[in-house]
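Beneath this line is the structure, given in structure tokens, with notes to follow.
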Amino acid sequence: MLMIWDFDRTIMDDDSDRWVVVEMGLSQLFNQLRQILPWNSLMDRMMEELHLQGKTVEDIVSCLNRVPLHPQIVSSIKSAHALGCNLKVLSDANQFFIETILKNHGIYGCFSEIITNPTCVDKEGKLRIFPYHGSAIPPHECNLCPPNLCKGFVINQMQDLISEDGKKQVIIYIGDGGGDFCPTLKLGEQGHVLPRKNFPLHNLILNSSVHIKPTLHEWDNGEELKKILLGLIDPKVEV
């Protein structure tokens, strides 16, 4: 099984960008620039502001290390990995935030790939955030997704690779946001989508005029999610 996880409000119960903005005192500037800059550029500008204030990458790490994860989400990830699933993160957050949080909770090694907006620390020691669809990956033309990342584009690439290998692989997609609707539409009848109840993805699915092919499994919290996932992986496993 290929298990694809969104990150914000799925693995993490909060939003990683919002967490850093609030915890590091950037809310006022963030709100001033929110309607002016695209999201990726806005978060890159927030990292520049932290650098101008004398904050270091280590300070950002300390902030991210305070992020809590639901223990049953952590347990679900460890269990799925132990049972042989191929786990990937597909997120509109960014590489540095995701990797730091996963490492702090001891589950970074459970994932074979993290597909997200790339980051680097420049020669001045400033964290930079870039769009996924940038210099290396061409722009997309999807009107469902933000310019910086079309998750459906990534899902199509994954499914093409699976077809080339000639192997049957069940895809399980776990998400919550509006950006998770496009990949939901790309999955076929053999797939499974786990939308979080009363979040944008769930509402988009409920109101969709387009037929949703994958099987849907709603969840609300870590306990529900773990029960659903383990039931899909191996119905004989006791939760």
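Each chain of the structure tokens is named A, B, ... in the order shown, its residues numbered from 1; ligands are numbered from 1 in display order.
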
Exercise for review: May I have all residues of chain A that DSSP, computed from the backbone, assigns to alpha helix (DSSP H), given as a VMD selection string?
Suggested key: chain A and resid 16 to 23 27 to 33 39 to 52 57 to 64 71 to 82 95 to 104 151 to 165 181 to 186 200 to 206 222 to 233

Exercise for review: Give me every strand (DSSP E or B) residue in range 89-158 of chain A, going by DSSP on the backbone, as a VMD selection string.
Suggested key: chain A and resid 89 to 94 111 to 117 119 to 121 127 to 129

Expected file: the selected residues, N, CA, C and O atoms, as a short mmCIF file (atom, residue, chain, number, x, y, z; two decimals), in the first residue's frame:
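The resulting file, part-v3.cif, is reproduced below:
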data_model
loop_
_atom_site.label_atom_id
_atom_site.label_comp_id
_atom_site.auth_asym_id
_atom_site.auth_seq_id
_atom_site.Cartn_x
_atom_site.Cartn_y
_atom_site.Cartn_z
N VAL A 89 4.76 12.00 2.51
CA VAL A 89 4.07 13.26 2.84
C VAL A 89 3.91 14.05 1.56
O VAL A 89 4.86 14.19 0.78
N LEU A 90 2.70 14.57 1.33
CA LEU A 90 2.44 15.48 0.21
C LEU A 90 1.74 16.70 0.79
O LEU A 90 0.57 16.64 1.17
N SER A 91 2.47 17.80 0.89
CA SER A 91 1.98 18.93 1.69
C SER A 91 2.35 20.27 1.07
O SER A 91 3.40 20.43 0.45
N ASP A 92 1.47 21.24 1.30
CA ASP A 92 1.72 22.62 0.87
C ASP A 92 2.41 23.43 1.97
O ASP A 92 2.42 24.66 1.91
N ALA A 93 2.95 22.75 2.97
CA ALA A 93 3.76 23.43 4.00
C ALA A 93 5.16 23.62 3.42
O ALA A 93 5.30 24.13 2.31
N ASN A 94 6.19 23.25 4.11
CA ASN A 94 7.54 23.33 3.53
C ASN A 94 8.47 22.29 4.16
O ASN A 94 8.20 21.78 5.24
N PHE A 111 8.89 7.71 6.65
CA PHE A 111 8.46 8.21 5.35
C PHE A 111 9.55 8.04 4.31
O PHE A 111 10.71 8.39 4.55
N SER A 112 9.16 7.53 3.14
CA SER A 112 10.12 7.33 2.06
C SER A 112 10.37 8.62 1.28
O SER A 112 11.40 8.76 0.61
N GLU A 113 9.44 9.57 1.37
CA GLU A 113 9.58 10.80 0.58
C GLU A 113 8.71 11.89 1.20
O GLU A 113 7.62 11.62 1.71
N ILE A 114 9.20 13.12 1.14
CA ILE A 114 8.42 14.30 1.55
C ILE A 114 8.36 15.23 0.35
O ILE A 114 9.38 15.76 -0.09
N ILE A 115 7.17 15.39 -0.17
CA ILE A 115 6.95 16.20 -1.37
C ILE A 115 6.27 17.48 -0.93
O ILE A 115 5.12 17.46 -0.49
N THR A 116 6.98 18.58 -1.04
CA THR A 116 6.47 19.84 -0.51
C THR A 116 7.26 21.00 -1.09
O THR A 116 8.12 20.80 -1.97
N ASN A 117 7.01 22.19 -0.61
CA ASN A 117 7.76 23.36 -1.05
C ASN A 117 9.17 23.30 -0.47
O ASN A 117 9.34 23.17 0.75
N THR A 119 13.12 24.11 0.74
CA THR A 119 13.74 25.14 1.56
C THR A 119 15.26 25.00 1.50
O THR A 119 15.79 23.96 1.11
N CYS A 120 15.93 26.05 1.91
CA CYS A 120 17.38 25.98 2.12
C CYS A 120 17.76 27.06 3.11
O CYS A 120 16.99 28.00 3.37
N VAL A 121 18.93 26.92 3.70
CA VAL A 121 19.50 27.96 4.55
C VAL A 121 20.59 28.63 3.74
O VAL A 121 21.55 27.98 3.30
N LEU A 127 16.70 31.17 6.60
CA LEU A 127 15.89 30.12 6.01
C LEU A 127 15.11 30.69 4.84
O LEU A 127 14.43 31.70 4.96
N ARG A 128 15.20 30.04 3.68
CA ARG A 128 14.47 30.44 2.48
C ARG A 128 13.44 29.38 2.13
O ARG A 128 13.69 28.18 2.26
N ILE A 129 12.27 29.82 1.65
CA ILE A 129 11.18 28.93 1.27
C ILE A 129 10.81 29.21 -0.18
O ILE A 129 10.59 30.36 -0.56
#

Please build the interface table for range 71-134 of chain A against range 47-64 of chain A with a cut-off of 8 Å, listing for each qualifying residue the nearest atom pair and the distance in Å to one decimal; count only C-alpha atoms, order rows by chain and increasing number, and write it as JSON lines.
{"residue": "A:Phe97", "atom": "CA", "partner": "A:Leu64", "partner_atom": "CA", "distance": 6.9}
{"residue": "A:Thr100", "atom": "CA", "partner": "A:Val61", "partner_atom": "CA", "distance": 6.7}
{"residue": "A:Ile101", "atom": "CA", "partner": "A:Leu64", "partner_atom": "CA", "distance": 6.1}
{"residue": "A:Gly125", "atom": "CA", "partner": "A:Val57", "partner_atom": "CA", "distance": 7.0}
{"residue": "A:Lys126", "atom": "CA", "partner": "A:His51", "partner_atom": "CA", "distance": 5.9}
{"residue": "A:Leu127", "atom": "CA", "partner": "A:Met47", "partner_atom": "CA", "distance": 5.9}
{"residue": "A:Arg128", "atom": "CA", "partner": "A:Met47", "partner_atom": "CA", "distance": 6.8}

Those residues with C-alpha atoms, as a short mmCIF file (atom, residue, chain, number, x, y, z; two decimals), in the first residue's frame please?
data_model
loop_
_atom_site.label_atom_id
_atom_site.label_comp_id
_atom_site.auth_asym_id
_atom_site.auth_seq_id
_atom_site.Cartn_x
_atom_site.Cartn_y
_atom_site.Cartn_z
CA PHE A 97 9.09 22.73 9.01
CA THR A 100 11.99 19.24 11.84
CA ILE A 101 8.63 18.25 13.38
CA GLY A 125 22.05 31.77 7.77
CA LYS A 126 18.54 32.77 6.66
CA LEU A 127 15.89 30.12 6.01
CA ARG A 128 14.47 30.44 2.48
#

Exercise for review: Just the residues within 9 Å of Cys110 in chain A, please, counting only C-alpha atoms, with nothing from its chain fewer than 4 positions along; format it as an NGL selection string.
Suggested key: :A and (77-78 or 80-82 or 86-88 or 106)

Residues from last step as file, C-alpha atoms, as a PDB file, in the first residue's frame:
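Result file is selection_26.pdb:
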ATOM      1  CA  ILE A  77       2.314   6.226  11.278  1.00  0.00           C
ATOM      2  CA  LYS A  78       4.628   3.847  13.140  1.00  0.00           C
ATOM      3  CA  ALA A  80       1.611   1.522   9.044  1.00  0.00           C
ATOM      4  CA  HIS A  81       5.357   1.659   8.480  1.00  0.00           C
ATOM      5  CA  ALA A  82       5.941  -1.493  10.539  1.00  0.00           C
ATOM      6  CA  ASN A  86       5.120   2.949   1.779  1.00  0.00           C
ATOM      7  CA  LEU A  87       4.446   6.301   3.467  1.00  0.00           C
ATOM      8  CA  LYS A  88       4.905   9.692   1.808  1.00  0.00           C
ATOM      9  CA  GLY A 106      10.772  10.164  15.976  1.00  0.00           C
TER      10      GLY A 106
END

Review point. Can you tell me, as JSON, numbers by chain, what residues are no more than 6 Å from range 172-189 of chain A when counting only C-alpha atoms, ignoring any on the same chain fewer than 5 positions away?
Key: {"A": [3, 4, 5, 6, 10, 145, 151, 152, 194, 195, 196, 199, 200, 201, 213, 214]}
